[in-house]
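Trainee: One file: coords12.cif (mmCIF, C-alpha atoms).
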data_my_file
loop_
_atom_site.label_atom_id
_atom_site.label_comp_id
_atom_site.auth_asym_id
_atom_site.auth_seq_id
_atom_site.Cartn_x
_atom_site.Cartn_y
_atom_site.Cartn_z
CA MET A 159 -106.87 58.45 48.82
CA THR A 160 -106.38 54.86 49.89
CA VAL A 161 -104.41 52.62 47.53
CA SER A 162 -105.89 49.18 47.13
CA PRO A 163 -103.77 46.10 47.95
CA ARG A 164 -104.01 45.04 44.30
CA LEU A 165 -102.48 48.32 43.10
CA ARG A 166 -99.79 48.09 45.76
CA ARG A 167 -98.88 44.61 44.53
CA LEU A 168 -98.79 45.82 40.92
CA GLY A 169 -96.62 48.76 41.94
CA TRP A 170 -94.31 46.43 43.81
CA LEU A 171 -94.05 44.09 40.86
CA LEU A 172 -93.29 46.99 38.52
CA ALA A 173 -90.63 48.35 40.86
CA ALA A 174 -89.13 44.89 41.28
CA ALA A 175 -89.00 44.43 37.50
CA ILE A 176 -87.28 47.79 37.04
CA VAL A 177 -84.73 47.05 39.77
CA ALA A 178 -84.08 43.57 38.32
CA LEU A 179 -83.64 45.09 34.84
CA LEU A 180 -81.17 47.70 36.07
CA VAL A 181 -79.19 45.10 37.99
CA ALA A 182 -79.20 42.79 34.95
CA LEU A 183 -77.93 45.57 32.68
CA ALA A 184 -75.14 46.48 35.09
CA VAL A 185 -74.08 42.86 35.54
CA ALA A 186 -74.24 42.26 31.78
CA GLN A 187 -71.91 45.18 31.13
CA VAL A 188 -69.37 43.91 33.67
CA ALA A 189 -69.65 40.33 32.39
CA GLU A 190 -69.28 41.46 28.78
CA ARG A 191 -66.24 43.58 29.60
CA ASN A 192 -64.56 40.71 31.45
CA ALA A 193 -65.44 38.19 28.74
CA ARG A 194 -64.19 40.54 26.04
CA THR A 195 -60.87 41.01 27.86
CA ARG A 196 -60.37 37.27 28.29
CA PHE A 197 -61.39 36.54 24.70
CA ALA A 198 -59.10 39.24 23.26
CA ALA A 199 -56.13 37.88 25.23
CA ALA A 200 -56.81 34.30 24.10
CA LEU A 201 -57.33 35.42 20.51
CA ALA A 202 -54.06 37.38 20.47
CA ALA A 203 -52.17 34.38 21.86
CA ASP A 204 -53.71 32.13 19.21
CA ALA A 205 -52.77 34.60 16.47
CA ARG A 206 -49.16 34.60 17.68
CA LEU A 207 -49.09 30.81 17.54
CA ARG A 208 -50.34 30.87 13.98
CA GLN A 209 -47.74 33.49 13.11
CA ALA A 210 -45.07 31.18 14.54
CA LEU A 211 -46.27 28.35 12.31
CA LEU A 212 -46.04 30.61 9.27
CA ALA A 213 -42.60 31.93 10.26
CA SER A 214 -41.18 28.44 10.76
CA GLU A 215 -42.46 27.38 7.34
CA VAL A 216 -40.92 30.35 5.56
CA ALA A 217 -37.65 30.09 7.53
CA ARG A 218 -37.25 26.48 6.47
CA PHE A 219 -37.49 27.38 2.80
CA ARG A 220 -35.31 30.48 3.10
CA LEU A 221 -32.30 28.23 3.56
CA LEU A 222 -32.79 26.46 0.23
CA PRO A 223 -31.58 29.21 -2.17
CA LEU A 224 -28.53 29.70 0.04
CA ALA A 225 -27.78 25.98 0.01
CA ILE A 226 -28.11 25.74 -3.78
CA ALA A 227 -26.32 28.98 -4.74
CA ASP A 228 -22.82 27.42 -4.86
CA ASP A 229 -23.86 23.95 -6.06
CA ARG A 230 -21.34 22.54 -8.51
CA ASP A 231 -24.02 21.28 -10.91
CA LEU A 232 -25.59 24.75 -10.92
CA VAL A 233 -22.25 26.44 -11.62
CA ALA A 234 -21.55 23.90 -14.37
CA ALA A 235 -24.98 24.42 -15.94
CA LEU A 236 -24.48 28.19 -15.96
CA ALA A 237 -21.17 27.58 -17.74
CA ALA A 238 -23.08 25.45 -20.31
CA LYS A 239 -21.00 22.33 -19.66
CA PRO A 240 -22.36 19.22 -21.44
CA GLY A 241 -24.85 17.26 -19.33
CA ALA A 242 -24.78 19.74 -16.46
CA ALA A 243 -28.28 21.13 -17.06
CA GLN A 244 -29.85 17.68 -16.97
CA ALA A 245 -27.93 16.77 -13.81
CA LEU A 246 -29.24 19.99 -12.26
CA ASN A 247 -32.80 19.20 -13.37
CA LEU A 248 -32.64 15.89 -11.53
CA LYS A 249 -31.12 17.46 -8.42
CA LEU A 250 -33.74 20.24 -8.25
CA GLU A 251 -36.51 17.70 -8.81
CA MET A 252 -35.26 15.64 -5.87
CA LEU A 253 -34.89 18.71 -3.62
CA ALA A 254 -38.42 19.90 -4.38
CA ARG A 255 -39.84 16.47 -3.65
CA GLU A 256 -37.96 16.11 -0.36
CA THR A 257 -38.60 19.64 0.93
CA GLY A 258 -42.12 20.17 -0.36
CA ALA A 259 -41.18 23.26 -2.38
CA ALA A 260 -43.68 24.07 -5.13
CA ALA A 261 -40.83 24.69 -7.58
CA ILE A 262 -37.08 25.26 -7.65
CA TYR A 263 -35.40 26.66 -10.74
CA ALA A 264 -32.17 28.21 -11.94
CA ILE A 265 -32.08 31.28 -14.17
CA ALA A 266 -29.12 32.31 -16.30
CA PRO A 267 -27.84 35.94 -16.24
CA GLY A 268 -29.94 36.79 -19.29
CA GLY A 269 -33.16 35.82 -17.51
CA ARG A 270 -33.85 32.47 -19.12
CA THR A 271 -34.40 29.34 -17.03
CA ILE A 272 -31.79 26.63 -17.61
CA ALA A 273 -33.07 23.99 -15.16
CA ALA A 274 -36.15 23.41 -13.03
CA SER A 275 -37.64 20.88 -10.66
CA ASN A 276 -40.68 20.57 -12.95
CA TRP A 277 -38.60 19.85 -16.07
CA ARG A 278 -40.65 16.70 -16.81
CA GLN A 279 -43.96 18.55 -16.94
CA ALA A 280 -45.59 19.88 -20.09
CA ARG A 281 -45.58 23.39 -18.61
CA SER A 282 -42.00 23.24 -17.38
CA PHE A 283 -40.19 26.45 -16.46
CA VAL A 284 -37.15 25.43 -18.51
CA GLY A 285 -36.52 27.90 -21.31
CA ARG A 286 -38.89 30.56 -19.96
CA ASP A 287 -37.77 34.16 -19.67
CA TYR A 288 -38.15 35.72 -16.20
CA ARG A 289 -36.49 39.08 -16.76
CA PHE A 290 -39.84 40.76 -15.99
CA ARG A 291 -40.00 39.31 -12.47
CA ARG A 292 -38.83 41.58 -9.68
CA TYR A 293 -37.44 38.64 -7.72
CA PHE A 294 -35.01 37.98 -10.60
CA ALA A 295 -33.90 41.55 -11.28
CA GLU A 296 -33.54 42.41 -7.60
CA ALA A 297 -31.61 39.24 -6.73
CA GLU A 298 -29.31 39.80 -9.72
CA ARG A 299 -28.70 43.37 -8.53
CA ASN A 300 -28.69 43.02 -4.73
CA GLY A 301 -27.96 39.35 -4.19
CA ILE A 302 -31.27 38.39 -2.58
CA ALA A 303 -35.00 39.06 -3.08
CA GLU A 304 -38.47 37.79 -2.35
CA GLN A 305 -41.86 38.41 -3.93
CA PHE A 306 -45.39 37.14 -3.36
CA ALA A 307 -47.18 36.69 -6.67
CA LEU A 308 -49.37 34.51 -8.81
CA GLY A 309 -47.42 32.01 -10.88
CA THR A 310 -47.47 32.93 -14.57
CA VAL A 311 -47.41 29.23 -15.50
CA SER A 312 -49.16 27.50 -12.61
CA GLY A 313 -51.58 30.30 -11.74
CA GLN A 314 -51.03 29.43 -8.07
CA PRO A 315 -50.05 32.11 -5.53
CA GLY A 316 -46.84 31.73 -3.60
CA LEU A 317 -43.76 33.34 -2.14
CA TYR A 318 -40.70 33.41 -4.41
CA LEU A 319 -37.35 33.38 -2.61
CA SER A 320 -34.39 34.13 -4.85
CA ARG A 321 -30.62 34.45 -4.49
CA ARG A 322 -27.76 35.31 -6.82
CA THR A 323 -25.50 32.32 -7.45
CA ARG A 324 -21.87 31.77 -8.21
CA GLY A 325 -21.54 32.28 -11.93
CA GLY A 326 -23.99 35.19 -12.03
CA GLY A 327 -27.26 33.27 -12.20
CA VAL A 328 -30.26 33.36 -9.89
CA VAL A 329 -31.81 30.39 -8.08
CA VAL A 330 -35.48 30.63 -7.12
CA VAL A 331 -37.54 28.62 -4.63
CA LYS A 332 -41.32 28.96 -4.74
CA LEU A 333 -43.21 28.31 -1.53
CA GLU A 334 -46.96 27.72 -1.57
CA PHE A 335 -48.98 27.85 1.64
CA GLY A 336 -51.67 25.23 1.10
CA ARG A 337 -50.52 23.05 4.00
CA VAL A 338 -50.38 25.97 6.44
CA GLU A 339 -53.76 27.26 5.28
CA ARG A 340 -55.33 23.84 5.81
CA GLN A 341 -53.90 23.66 9.34
CA TRP A 342 -55.28 27.12 10.11
CA GLN A 343 -58.66 26.12 8.71
CA ALA A 344 -58.76 23.00 10.90
CA ALA A 345 -57.89 25.11 13.96
CA GLY A 346 -61.03 27.24 13.53
CA GLY A 347 -61.71 30.88 12.89
CA ILE A 348 -60.47 32.77 9.85
CA THR A 349 -56.72 33.29 9.62
CA PHE A 350 -55.27 35.68 7.08
CA VAL A 351 -51.94 37.34 6.36
CA THR A 352 -51.70 40.90 5.07
CA ASP A 353 -48.74 42.71 3.54
CA ARG A 354 -47.65 46.27 4.29
CA ALA A 355 -50.50 47.64 2.17
CA GLY A 356 -53.12 45.57 4.01
CA ILE A 357 -53.72 43.14 1.13
CA VAL A 358 -54.60 39.55 2.06
CA LEU A 359 -51.99 37.14 0.66
CA VAL A 360 -52.30 33.91 2.63
CA THR A 361 -55.59 32.85 4.20
CA SER A 362 -57.66 29.95 5.46
CA ARG A 363 -60.63 31.51 3.60
CA PRO A 364 -59.59 31.32 -0.11
CA GLU A 365 -62.19 33.85 -1.24
CA TRP A 366 -60.48 36.48 0.91
CA ARG A 367 -57.21 36.25 -1.00
CA PHE A 368 -56.14 39.56 -2.61
CA ALA A 369 -58.76 41.55 -0.72
CA ALA A 370 -57.75 45.00 0.52
CA THR A 371 -58.52 45.17 4.25
CA ARG A 372 -58.22 48.96 4.28
CA SER A 373 -58.42 51.85 1.85
CA ILE A 374 -55.46 52.01 -0.54
CA ALA A 375 -54.41 54.94 -2.72
CA PRO A 376 -54.96 54.25 -6.45
CA ALA A 377 -51.26 54.44 -7.28
CA LEU A 378 -50.35 52.00 -4.51
CA ALA A 379 -53.17 49.66 -5.53
CA ALA A 380 -51.93 49.70 -9.13
CA ARG A 381 -48.40 48.80 -8.02
CA ALA A 382 -49.75 46.02 -5.81
CA ARG A 383 -51.80 44.54 -8.65
CA ALA A 384 -48.77 44.58 -10.95
CA GLU A 385 -46.55 43.08 -8.26
CA ILE A 386 -48.96 40.25 -7.45
CA GLY A 387 -50.19 39.75 -11.00
CA VAL A 388 -53.94 40.26 -10.51
CA ALA A 389 -56.34 42.41 -12.51
CA ALA A 390 -58.15 43.81 -9.46
CA LEU A 391 -58.14 43.75 -5.68
CA LYS A 392 -61.22 42.50 -3.87
CA PRO A 393 -63.17 44.67 -1.43
CA ALA A 394 -62.64 44.33 2.32
CA PRO A 395 -64.24 41.08 3.58
CA PHE A 396 -65.36 42.65 6.86
CA THR A 397 -66.67 45.96 8.16
CA ALA A 398 -66.21 47.62 11.55
CA ARG A 399 -69.07 47.80 14.06
CA ASP A 400 -69.65 50.54 16.61
CA ASP A 401 -68.76 48.21 19.49
CA GLY A 402 -65.22 47.52 18.26
CA ARG A 403 -66.07 44.20 16.67
CA VAL A 404 -66.44 43.45 12.96
CA ARG A 405 -69.12 42.05 10.72
CA VAL A 406 -67.75 39.37 8.41
CA ALA A 407 -69.16 39.21 4.89
CA GLY A 408 -71.69 36.40 4.62
CA SER A 409 -72.13 35.99 8.39
CA ALA A 410 -74.61 37.63 10.73
CA ALA A 411 -72.54 36.83 13.82
CA PRO A 412 -70.15 39.55 15.02
CA ALA A 413 -66.45 38.71 15.23
CA MET A 414 -63.31 40.02 16.84
CA ILE A 415 -59.94 40.25 15.08
CA ALA A 416 -56.49 39.96 16.69
CA THR A 417 -53.49 41.06 14.63
CA THR A 418 -49.81 40.37 15.29
CA PRO A 419 -47.05 42.96 14.87
CA PRO A 420 -45.47 42.96 11.39
CA ASP A 421 -42.49 40.73 10.69
CA ALA A 422 -39.38 41.83 8.79
CA SER A 423 -41.27 41.59 5.49
CA GLY A 424 -44.20 43.64 6.80
CA TRP A 425 -46.51 40.62 7.00
CA ARG A 426 -49.12 40.53 9.77
CA VAL A 427 -51.07 37.45 10.82
CA ALA A 428 -54.68 38.17 11.78
CA LEU A 429 -57.24 35.86 13.33
CA ALA A 430 -61.00 36.50 13.23
CA MET A 431 -63.27 34.57 15.58
CA PRO A 432 -67.03 34.87 16.21
CA THR A 433 -67.85 36.31 19.62
CA THR A 434 -71.39 35.03 20.18
CA GLN A 435 -70.44 32.10 22.40
CA ALA A 436 -67.40 33.73 24.00
CA ILE A 437 -68.79 37.19 24.82
CA ASP A 438 -72.50 37.57 24.11
CA ALA A 439 -73.64 34.29 25.68
CA PRO A 440 -71.79 34.78 29.03
CA ALA A 441 -73.07 38.37 29.28
CA ARG A 442 -76.64 37.26 28.55
CA ASN A 443 -76.45 34.37 31.03
CA ALA A 444 -75.00 36.61 33.73
CA ALA A 445 -77.79 39.14 33.17
CA ILE A 446 -80.49 36.46 33.45
CA VAL A 447 -78.99 35.04 36.65
CA ALA A 448 -78.63 38.51 38.15
CA ALA A 449 -82.23 39.43 37.28
CA LEU A 450 -83.60 36.20 38.75
CA ALA A 451 -81.47 36.55 41.88
CA THR A 452 -82.65 40.14 42.34
CA LEU A 453 -86.29 39.17 41.95
CA ALA A 454 -85.82 36.30 44.40
CA LEU A 455 -84.26 38.61 46.99
CA LEU A 456 -87.02 41.17 46.55
CA ALA A 457 -89.65 38.46 46.85
CA LEU A 458 -88.07 37.24 50.10
CA GLY A 459 -87.98 40.80 51.36
CA TRP A 460 -91.64 41.30 50.50
CA ALA A 461 -92.58 38.04 52.17
CA TRP A 462 -90.59 38.89 55.33
CA ARG A 463 -92.22 42.34 55.40
CA GLY A 464 -95.66 40.73 55.12
CA ARG A 465 -94.98 38.34 57.98
CA ALA A 466 -93.61 41.17 60.13
CA ARG A 467 -96.83 43.15 59.62
CA ARG A 468 -99.01 40.20 60.66
CA ARG A 469 -97.23 39.77 63.96
#
If you took the structure in this file and wrote it as structure tokens, what would it be?

Mentor:
Amino acid sequence: MTVSPRLRRLGWLLAAAIVALLVALAVAQVAERNARTRFAAALAADARLRQALLASEVARFRLLPLAIADDRDLVAALAAKPGAAQALNLKLEMLARETGAAAIYAIAPGGRTIAASNWRQARSFVGRDYRFRRYFAEAERNGIAEQFALGTVSGQPGLYLSRRTRGGGVVVVKLEFGRVERQWQAAGGITFVTDRAGIVLVTSRPEWRFAATRSIAPALAARARAEIGVAALKPAPFTARDDGRVRVAGSAAPAMIATTPPDASGWRVALAMPTTQAIDAPARNAAIVAALATLALLALGWAWRGRARRR
């Protein structure tokens, strides 16, 4: 049976399309793998830089309780010397203003605050009892403590750094992360910090705060809620995909997450970035170019074959 020229051309076109598709798929896989490797490396490096920013901020404030612990006005205020508490109020107010601390306050051995940087405010910490706070009890017992929690007065989350002072009191510095979070937000992507339990504490996406990024046992979740001071933990803001990427809540675009090793406190800095432009687009473009190049080569081959036959 003789095959007509028209059927031969259709068969050739079909074969060319199949070959071009196979080449495009192979090239796309290689391009995606290479793009994913480059993107993951860049993302991890960016996450480490953001971790360094966080670490430098916390390290700067860690020195404050140590610097204040032996202050003469603090020791005098703990000894209830006349005028000492007011002198300490003024000193703590100045220190908070100059360092950017959210609050600095001194607590007497019984747990009651005797001076605070916010002493002028209507909701001053002065006179408040903080015996229930772990950062007070632990610093009184061990000499030093830290705790991330919601402020009972301000309602703002922050890291409380505390140290036992000369005279048996405890000085506390509260650090809030608004400035760091705004810098992360301006840098792009979604940056978030998780504790040992995987709970988001600091983040450039405020609605992610206090979300559990992984499954937590009920007892551990209850302790975390009590420690932080929240009624409930939020569900995970992202879900894993089969290809190793994640789907972020409220976004159709897939993302990749890079996470740093934990620091001494168990905090990890994670950075989520969409992958459409960095991975999907290069793979798609490479596949299109490969398919077109394959078709062009096959067309040249067909044309050369045709000319050879006519000779």

Trainee: Tell me, in Å to one decimal, how far atom CA of A:Asp229 is from atom CA of A:Thr310.

Mentor: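 Taking atom CA of A:Asp229 and atom CA of A:Thr310, their separation equals 26.7 Å.
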
Trainee: Can you measure atom CA of A:Pro364 to atom CA of A:Arg426 for me? One decimal in Å is fine.

Mentor: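 A separation of 17.1 Å between them.
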
Trainee: Quick one: distance from atom CA of A:Arg299 to atom CA of A:Ala266 in Å, one decimal?

Mentor: 13.5 Å

Trainee: So, counting all atoms listed in the file, which residue among A:Leu253, A:Ala355, A:Ile262, A:Val330 is closest to A:Ala295?

Mentor: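 So, comparing all the options, the nearest one is A:Val330.
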
Trainee: Give as a PyMOL selection string each residue that has an atom at most 9 Å from (-65.1, 38.7, 4.2) in the file, counting all atoms listed in the file.

Mentor: chain A and resi 363+365-366+369+393-397+405-409

Trainee: I need the residue set behind the PyMOL selection byres ((chain A and resi 226) around 12) for this file; please write it as number ranges by chain.

Mentor: A: 219-225, 227-233, 246, 249-250, 253-254, 262-264, 320-324, 327-331

Trainee: Restricted to C-alpha atoms, what would the selected residues look like written as an mmCIF file, in the coordinates of the input?

Mentor:
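selection-v3.cif was written with the following content:
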data_model
loop_
_atom_site.group_PDB
_atom_site.id
_atom_site.type_symbol
_atom_site.label_atom_id
_atom_site.label_comp_id
_atom_site.auth_asym_id
_atom_site.auth_seq_id
_atom_site.Cartn_x
_atom_site.Cartn_y
_atom_site.Cartn_z
ATOM 1 C CA PHE A 219 -37.490 27.380 2.800
ATOM 2 C CA ARG A 220 -35.310 30.480 3.100
ATOM 3 C CA LEU A 221 -32.300 28.230 3.560
ATOM 4 C CA LEU A 222 -32.790 26.460 0.230
ATOM 5 C CA PRO A 223 -31.580 29.210 -2.170
ATOM 6 C CA LEU A 224 -28.530 29.700 0.040
ATOM 7 C CA ALA A 225 -27.780 25.980 0.010
ATOM 8 C CA ALA A 227 -26.320 28.980 -4.740
ATOM 9 C CA ASP A 228 -22.820 27.420 -4.860
ATOM 10 C CA ASP A 229 -23.860 23.950 -6.060
ATOM 11 C CA ARG A 230 -21.340 22.540 -8.510
ATOM 12 C CA ASP A 231 -24.020 21.280 -10.910
ATOM 13 C CA LEU A 232 -25.590 24.750 -10.920
ATOM 14 C CA VAL A 233 -22.250 26.440 -11.620
ATOM 15 C CA LEU A 246 -29.240 19.990 -12.260
ATOM 16 C CA LYS A 249 -31.120 17.460 -8.420
ATOM 17 C CA LEU A 250 -33.740 20.240 -8.250
ATOM 18 C CA LEU A 253 -34.890 18.710 -3.620
ATOM 19 C CA ALA A 254 -38.420 19.900 -4.380
ATOM 20 C CA ILE A 262 -37.080 25.260 -7.650
ATOM 21 C CA TYR A 263 -35.400 26.660 -10.740
ATOM 22 C CA ALA A 264 -32.170 28.210 -11.940
ATOM 23 C CA SER A 320 -34.390 34.130 -4.850
ATOM 24 C CA ARG A 321 -30.620 34.450 -4.490
ATOM 25 C CA ARG A 322 -27.760 35.310 -6.820
ATOM 26 C CA THR A 323 -25.500 32.320 -7.450
ATOM 27 C CA ARG A 324 -21.870 31.770 -8.210
ATOM 28 C CA GLY A 327 -27.260 33.270 -12.200
ATOM 29 C CA VAL A 328 -30.260 33.360 -9.890
ATOM 30 C CA VAL A 329 -31.810 30.390 -8.080
ATOM 31 C CA VAL A 330 -35.480 30.630 -7.120
ATOM 32 C CA VAL A 331 -37.540 28.620 -4.630
#

Trainee: With the file shown as input, list the residues that the PyMOL selection byres ((chain A and resi 374-379) around 12) selects, as a list in words.

Mentor: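 That selection, the PyMOL selection byres ((chain A and resi 374-379) around 12), comes back as Arg354, Ala355, Gly356, Ile357, Phe368, Ala369, Ala370, Thr371, Arg372, Ser373, Ala380, Arg381, Ala382, Arg383, Ala384, Glu385, Ile386, Gly387, Val388, Ala389, Ala390, Leu391, Lys392, Pro393 and Ala394 of chain A.
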
Trainee: Which one of A:Arg255, A:Ile348, A:Leu359, A:Asp353 sits closest to A:Leu308 if you count all atoms listed in the file?

Mentor: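 Ranked by minimum distance to A:Leu308, first place goes to A:Leu359.
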
Trainee: Give the answer as one residue: which of A:Ala303, A:Leu333, A:Ala261, A:Val427 has the shortest atom-to-atom distance to A:Ser362, using only C-alpha atoms?

Mentor: A:Val427

Trainee: With distances taken over only C-alpha atoms, which of A:Met252, A:Ala243, A:Met431, A:Ala210 is nearest to A:Thr349?

Mentor: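 Between A:Met252, A:Ala243, A:Met431, A:Ala210, the residue approaching A:Thr349 most closely is A:Met431.
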
Trainee: Apply the PyMOL selection byres ((chain A and resi 208) around 12) to the structure shown and report the selected residues as number ranges by chain.

Mentor: A: 201-207, 209-215, 338-351, 360-362, 416-418, 426-429

Trainee: Complete the atom set of stretch 217-242 of chain A to N, CA and C atoms and return it as a JSON list (two decimals), in the coordinates of the input.

Mentor:
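Printed below is result08.json as written:
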[["chain", "number", "residue", "atom", "x", "y", "z"],
["A", 217, "ALA", "N", -39.06, 30.19, 7.16],
["A", 217, "ALA", "CA", -37.65, 30.09, 7.53],
["A", 217, "ALA", "C", -37.02, 28.81, 6.98],
["A", 218, "ARG", "N", -37.78, 27.75, 6.99],
["A", 218, "ARG", "CA", -37.25, 26.48, 6.47],
["A", 218, "ARG", "C", -36.90, 26.57, 5.00],
["A", 219, "PHE", "N", -37.74, 27.27, 4.24],
["A", 219, "PHE", "CA", -37.49, 27.38, 2.80],
["A", 219, "PHE", "C", -36.48, 28.47, 2.46],
["A", 220, "ARG", "N", -36.29, 29.43, 3.36],
["A", 220, "ARG", "CA", -35.31, 30.48, 3.10],
["A", 220, "ARG", "C", -33.89, 29.93, 2.96],
["A", 221, "LEU", "N", -33.64, 28.81, 3.60],
["A", 221, "LEU", "CA", -32.30, 28.23, 3.56],
["A", 221, "LEU", "C", -31.99, 27.58, 2.21],
["A", 222, "LEU", "N", -33.03, 27.20, 1.47],
["A", 222, "LEU", "CA", -32.79, 26.46, 0.23],
["A", 222, "LEU", "C", -32.00, 27.25, -0.82],
["A", 223, "PRO", "N", -32.38, 28.48, -1.16],
["A", 223, "PRO", "CA", -31.58, 29.21, -2.17],
["A", 223, "PRO", "C", -30.12, 29.36, -1.76],
["A", 224, "LEU", "N", -29.90, 29.58, -0.46],
["A", 224, "LEU", "CA", -28.53, 29.70, 0.04],
["A", 224, "LEU", "C", -27.76, 28.40, -0.14],
["A", 225, "ALA", "N", -28.43, 27.27, 0.12],
["A", 225, "ALA", "CA", -27.78, 25.98, 0.01],
["A", 225, "ALA", "C", -27.46, 25.62, -1.44],
["A", 226, "ILE", "N", -28.28, 26.10, -2.37],
["A", 226, "ILE", "CA", -28.11, 25.74, -3.78],
["A", 226, "ILE", "C", -27.17, 26.70, -4.52],
["A", 227, "ALA", "N", -27.00, 27.92, -4.00],
["A", 227, "ALA", "CA", -26.32, 28.98, -4.74],
["A", 227, "ALA", "C", -24.92, 28.60, -5.23],
["A", 228, "ASP", "N", -24.19, 27.79, -4.47],
["A", 228, "ASP", "CA", -22.82, 27.42, -4.86],
["A", 228, "ASP", "C", -22.72, 25.97, -5.33],
["A", 229, "ASP", "N", -23.87, 25.35, -5.63],
["A", 229, "ASP", "CA", -23.86, 23.95, -6.06],
["A", 229, "ASP", "C", -23.03, 23.77, -7.33],
["A", 230, "ARG", "N", -22.25, 22.73, -7.36],
["A", 230, "ARG", "CA", -21.34, 22.54, -8.51],
["A", 230, "ARG", "C", -22.10, 22.25, -9.80],
["A", 231, "ASP", "N", -23.23, 21.53, -9.70],
["A", 231, "ASP", "CA", -24.02, 21.28, -10.91],
["A", 231, "ASP", "C", -24.64, 22.57, -11.43],
["A", 232, "LEU", "N", -25.03, 23.46, -10.53],
["A", 232, "LEU", "CA", -25.59, 24.75, -10.92],
["A", 232, "LEU", "C", -24.52, 25.59, -11.62],
["A", 233, "VAL", "N", -23.34, 25.65, -11.02],
["A", 233, "VAL", "CA", -22.25, 26.44, -11.62],
["A", 233, "VAL", "C", -21.89, 25.86, -12.99],
["A", 234, "ALA", "N", -21.87, 24.55, -13.09],
["A", 234, "ALA", "CA", -21.55, 23.90, -14.37],
["A", 234, "ALA", "C", -22.63, 24.17, -15.41],
["A", 235, "ALA", "N", -23.88, 24.15, -14.99],
["A", 235, "ALA", "CA", -24.98, 24.42, -15.94],
["A", 235, "ALA", "C", -24.93, 25.86, -16.43],
["A", 236, "LEU", "N", -24.60, 26.79, -15.55],
["A", 236, "LEU", "CA", -24.48, 28.19, -15.96],
["A", 236, "LEU", "C", -23.34, 28.37, -16.95],
["A", 237, "ALA", "N", -22.30, 27.52, -16.81],
["A", 237, "ALA", "CA", -21.17, 27.58, -17.74],
["A", 237, "ALA", "C", -21.43, 26.76, -19.00],
["A", 238, "ALA", "N", -22.66, 26.21, -19.13],
["A", 238, "ALA", "CA", -23.08, 25.45, -20.31],
["A", 238, "ALA", "C", -22.22, 24.22, -20.55],
["A", 239, "LYS", "N", -21.77, 23.56, -19.49],
["A", 239, "LYS", "CA", -21.00, 22.33, -19.66],
["A", 239, "LYS", "C", -21.93, 21.19, -20.06],
["A", 240, "PRO", "N", -21.50, 20.31, -20.94],
["A", 240, "PRO", "CA", -22.36, 19.22, -21.44],
["A", 240, "PRO", "C", -22.90, 18.36, -20.30],
["A", 241, "GLY", "N", -24.21, 18.13, -20.31],
["A", 241, "GLY", "CA", -24.85, 17.26, -19.33],
["A", 241, "GLY", "C", -25.15, 17.91, -18.00],
["A", 242, "ALA", "N", -24.61, 19.10, -17.77],
["A", 242, "ALA", "CA", -24.78, 19.74, -16.46],
["A", 242, "ALA", "C", -26.23, 20.16, -16.22]]
